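I have placed the structure first, in the form of structure tokens, so that the comments after it can refer back to it.
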Amino acid sequence: MPLKLANNATSVLAGTITSVATSLSVEAGTGARFPSLQEGDWFPLTLVDASGNHEIVRVTARSGDVFTTVRAQEETQALAFAAGDRCDLRFTAGAIAEFVQRAVALQRANNLSDLADKEMAREALGLSYDALSDTHTHDFDDLANQPSIGAAAARGLATAEALRANEGTGVLTTDQVWAAAGWVDLGRISGAVTIDCAKGNRFSGVLAGNVTVSIANPKNAQTLDLSFSQDAEGSRTVSWSAGQLRWPNNSAPAINPTANDVALVVSCIRLPDGTFFSVGLK
């Protein structure tokens, strides 16, 4: 079913609705802010009450200010709402997923050898959206030829490793974004230890000996978190490569010597002068 979107489409409920109601009315005259729908069209609508509770619904028909809806979409719960509660057309995760899936489908359609089949596929995959003062219709043939959409669909998903290295050029997914933000395990470390900022922002390791830490490949304004733990021997020390890290009062933090315990946690940010300013948390 074709997804339709509109810029700045927002209103409030004209009356109360129960958790099982399948239609709603928005404030008189504001329905025109939202897309006009033909059979099979839809747009996402987010309902928000005065307490901030929200529900995503799928609007499948609009007659003036009256919307026909499918309730409790995208893992939200059907709720009761009062007159005056907000109604916003927001670009939800479900809408993005359909957008990407149909872009991929169009790429495949464009590879059809038969011209008639190709034109039929393009028509079936058409996407349109209504703006407040103008109506723009785009079919996916135009969108797929744009580097930001067609090429992204062809490239596939961006991995956590690529995102950490600032090379993530594919489609983003929440699991890969969270993975990219996770801890990079350095394992057991001793001697000279280089923190490679191209591999992440958070690094952890177990002190198997005294270490000297240096930082490589930092990005502009990058934040960096370091967590070091003592091994069973304990009393390992941590020193820092000269000129890279700066500390409050020019005093590096003390190291906890207790065996099998956290030795040091450091959080820092790269400053305009290229150094990292850091606070030792333990």
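Ligands are numbered from 1 in the order shown, chains are lettered A, B, ... in the order of the structure tokens, and residues start at 1 in each chain.
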(request) Can you check which residues of region 20-110 of chain A DSSP gives as alpha helix (DSSP H) on the backbone and send them as a PyMOL selection string? (result) chain A and resi 93-110
(request) Name the residues in contact with Ala72 (chain A) at a cut-off of 8 Å, using only C-alpha atoms, excluding same-chain residues fewer than 2 positions from it; report them as a PyMOL selection string. (result) chain A and resi 55-57+70+74-78
Same residues, N, CA and C atoms, output as a PDB file, in the first residue's frame:
```pdb
ATOM      1  N   GLU A  55       0.500   6.603  21.134  1.00  0.00           N
ATOM      2  CA  GLU A  55       0.094   5.446  20.347  1.00  0.00           C
ATOM      3  C   GLU A  55       0.286   5.799  18.872  1.00  0.00           C
ATOM      4  N   ILE A  56       0.830   4.860  18.111  1.00  0.00           N
ATOM      5  CA  ILE A  56       0.956   5.031  16.669  1.00  0.00           C
ATOM      6  C   ILE A  56      -0.194   4.302  15.988  1.00  0.00           C
ATOM      7  N   VAL A  57      -0.902   4.999  15.105  1.00  0.00           N
ATOM      8  CA  VAL A  57      -1.987   4.386  14.350  1.00  0.00           C
ATOM      9  C   VAL A  57      -1.694   4.547  12.869  1.00  0.00           C
ATOM     10  N   VAL A  70      -6.243   2.225  11.857  1.00  0.00           N
ATOM     11  CA  VAL A  70      -5.940   0.902  12.413  1.00  0.00           C
ATOM     12  C   VAL A  70      -5.103   1.160  13.649  1.00  0.00           C
ATOM     13  N   GLU A  74       3.058  -0.639  15.408  1.00  0.00           N
ATOM     14  CA  GLU A  74       4.488  -0.569  15.726  1.00  0.00           C
ATOM     15  C   GLU A  74       4.767  -0.752  17.217  1.00  0.00           C
ATOM     16  N   GLU A  75       4.137  -1.797  17.780  1.00  0.00           N
ATOM     17  CA  GLU A  75       4.357  -2.226  19.161  1.00  0.00           C
ATOM     18  C   GLU A  75       3.881  -1.199  20.189  1.00  0.00           C
ATOM     19  N   THR A  76       2.981  -0.295  19.799  1.00  0.00           N
ATOM     20  CA  THR A  76       2.357   0.596  20.772  1.00  0.00           C
ATOM     21  C   THR A  76       1.023   0.010  21.211  1.00  0.00           C
ATOM     22  N   GLN A  77       0.495   0.487  22.323  1.00  0.00           N
ATOM     23  CA  GLN A  77      -0.744  -0.031  22.899  1.00  0.00           C
ATOM     24  C   GLN A  77      -1.901   0.914  22.604  1.00  0.00           C
ATOM     25  N   ALA A  78      -3.063   0.332  22.292  1.00  0.00           N
ATOM     26  CA  ALA A  78      -4.253   1.141  22.059  1.00  0.00           C
ATOM     27  C   ALA A  78      -4.677   1.808  23.370  1.00  0.00           C
TER      28      ALA A  78
END
```
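Note that the spacing between CA of Leu207 (chain A) and CA of Val184 (chain A) amounts to 15.0 Å.
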(request) Using only C-alpha atoms, determine which residues lie at most 9 Å from Val238 (chain A), disregarding the query and same-chain residues fewer than 4 positions distant; provide the list as a list in words. (result) Leu207, Asn210, Val211, Thr212, Val213, Phe228, Ile255, Ala263 and Leu264 of chain A
(request) Write out as a ChimeraX atom specification the residues lying within 7 Å of Ala259 (chain A), counting only C-alpha atoms and excluding same-chain residues fewer than 2 positions away. (result) /A:230-235,257,261
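Residues with any atom within 12 Å of Ala21 (chain A), counting only C-alpha atoms and excluding same-chain neighbours fewer than 3 positions away, are Gly15, Thr16, Ile17, Thr18, Leu24, Ser25, Val57, Phe67, Thr68, Thr69, Val70, Arg71, Ala72, Ala78, Leu79, Ala80 and Phe81 of chain A.
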Got time to write the residues from that selection, N, CA and C atoms, as a PDB file, in the first residue's frame?
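As written to disk, out09.pdb reads:
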```
ATOM      1  N   GLY A  15     -12.523  15.442  19.735  1.00  0.00           N
ATOM      2  CA  GLY A  15     -13.334  14.805  20.776  1.00  0.00           C
ATOM      3  C   GLY A  15     -12.609  13.606  21.333  1.00  0.00           C
ATOM      4  N   THR A  16     -13.173  12.996  22.346  1.00  0.00           N
ATOM      5  CA  THR A  16     -12.552  11.831  22.971  1.00  0.00           C
ATOM      6  C   THR A  16     -12.680  10.611  22.069  1.00  0.00           C
ATOM      7  N   ILE A  17     -11.738   9.682  22.214  1.00  0.00           N
ATOM      8  CA  ILE A  17     -11.843   8.385  21.553  1.00  0.00           C
ATOM      9  C   ILE A  17     -11.485   7.306  22.556  1.00  0.00           C
ATOM     10  N   THR A  18     -12.126   6.152  22.428  1.00  0.00           N
ATOM     11  CA  THR A  18     -11.815   5.016  23.291  1.00  0.00           C
ATOM     12  C   THR A  18     -10.650   4.238  22.702  1.00  0.00           C
ATOM     13  N   LEU A  24     -11.455   8.828  14.163  1.00  0.00           N
ATOM     14  CA  LEU A  24     -11.244   9.979  15.035  1.00  0.00           C
ATOM     15  C   LEU A  24     -11.447  11.239  14.220  1.00  0.00           C
ATOM     16  N   SER A  25     -11.737  12.326  14.915  1.00  0.00           N
ATOM     17  CA  SER A  25     -11.897  13.627  14.265  1.00  0.00           C
ATOM     18  C   SER A  25     -10.877  14.591  14.831  1.00  0.00           C
ATOM     19  N   VAL A  57      -0.902   4.999  15.105  1.00  0.00           N
ATOM     20  CA  VAL A  57      -1.987   4.386  14.350  1.00  0.00           C
ATOM     21  C   VAL A  57      -1.694   4.547  12.869  1.00  0.00           C
ATOM     22  N   PHE A  67     -10.749  10.755  10.299  1.00  0.00           N
ATOM     23  CA  PHE A  67      -9.760   9.773   9.890  1.00  0.00           C
ATOM     24  C   PHE A  67     -10.245   8.374  10.239  1.00  0.00           C
ATOM     25  N   THR A  68     -10.059   7.434   9.330  1.00  0.00           N
ATOM     26  CA  THR A  68     -10.266   6.016   9.621  1.00  0.00           C
ATOM     27  C   THR A  68      -8.912   5.405   9.943  1.00  0.00           C
ATOM     28  N   THR A  69      -8.823   4.664  11.053  1.00  0.00           N
ATOM     29  CA  THR A  69      -7.519   4.230  11.545  1.00  0.00           C
ATOM     30  C   THR A  69      -7.470   2.739  11.837  1.00  0.00           C
ATOM     31  N   VAL A  70      -6.243   2.225  11.857  1.00  0.00           N
ATOM     32  CA  VAL A  70      -5.940   0.902  12.413  1.00  0.00           C
ATOM     33  C   VAL A  70      -5.103   1.160  13.649  1.00  0.00           C
ATOM     34  N   ARG A  71      -5.578   0.715  14.800  1.00  0.00           N
ATOM     35  CA  ARG A  71      -4.987   1.118  16.082  1.00  0.00           C
ATOM     36  C   ARG A  71      -3.763   0.268  16.455  1.00  0.00           C
ATOM     37  N   ALA A  72      -3.022   0.795  17.447  1.00  0.00           N
ATOM     38  CA  ALA A  72      -1.936   0.067  18.134  1.00  0.00           C
ATOM     39  C   ALA A  72      -0.888  -0.475  17.168  1.00  0.00           C
ATOM     40  N   ALA A  78      -3.063   0.332  22.292  1.00  0.00           N
ATOM     41  CA  ALA A  78      -4.253   1.141  22.059  1.00  0.00           C
ATOM     42  C   ALA A  78      -4.677   1.808  23.370  1.00  0.00           C
ATOM     43  N   LEU A  79      -4.846   3.134  23.354  1.00  0.00           N
ATOM     44  CA  LEU A  79      -5.177   3.906  24.542  1.00  0.00           C
ATOM     45  C   LEU A  79      -6.411   4.758  24.289  1.00  0.00           C
ATOM     46  N   ALA A  80      -7.006   5.266  25.356  1.00  0.00           N
ATOM     47  CA  ALA A  80      -8.075   6.257  25.239  1.00  0.00           C
ATOM     48  C   ALA A  80      -7.441   7.650  25.231  1.00  0.00           C
ATOM     49  N   PHE A  81      -7.999   8.535  24.410  1.00  0.00           N
ATOM     50  CA  PHE A  81      -7.481   9.891  24.317  1.00  0.00           C
ATOM     51  C   PHE A  81      -8.610  10.897  24.479  1.00  0.00           C
TER      52      PHE A  81
END
```
(message) Can you tell me which residues surround Thr46 (chain A) at a distance of at most 9 Å, considering only C-alpha atoms, apart from same-chain residues fewer than 4 positions away, and format the answer as a PyMOL selection string?
(response) chain A and resi 54-58+86-90+92
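Pairwise distance (CA of Val66 (chain A), CA of Phe99 (chain A)) equals 25.7 Å.
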(message) So the first atom is CA of Ser51 (chain A) and the second is CA of Ala82 (chain A); what is the distance between them in Å, to one decimal place?
(response) 11.3 Å
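Minimum atom-to-atom distances from A:Asn249, A:Ser36, A:Ser190, A:Ser23 to Ala9 (chain A) were compared using only C-alpha atoms, and the lowest value belongs to A:Ser36.
If only C-alpha atoms are the atoms counted, then among A:Lys4, A:Arg188, A:Arg236, A:Lys219 the closest residue to Val59 (chain A) is A:Lys4.
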(message) Please determine, counting only C-alpha atoms, which residue among A:Lys199, A:Arg270, A:Arg62, A:Arg102 has the shortest atom-to-atom distance to Gln38 (chain A).
(response) A:Arg62
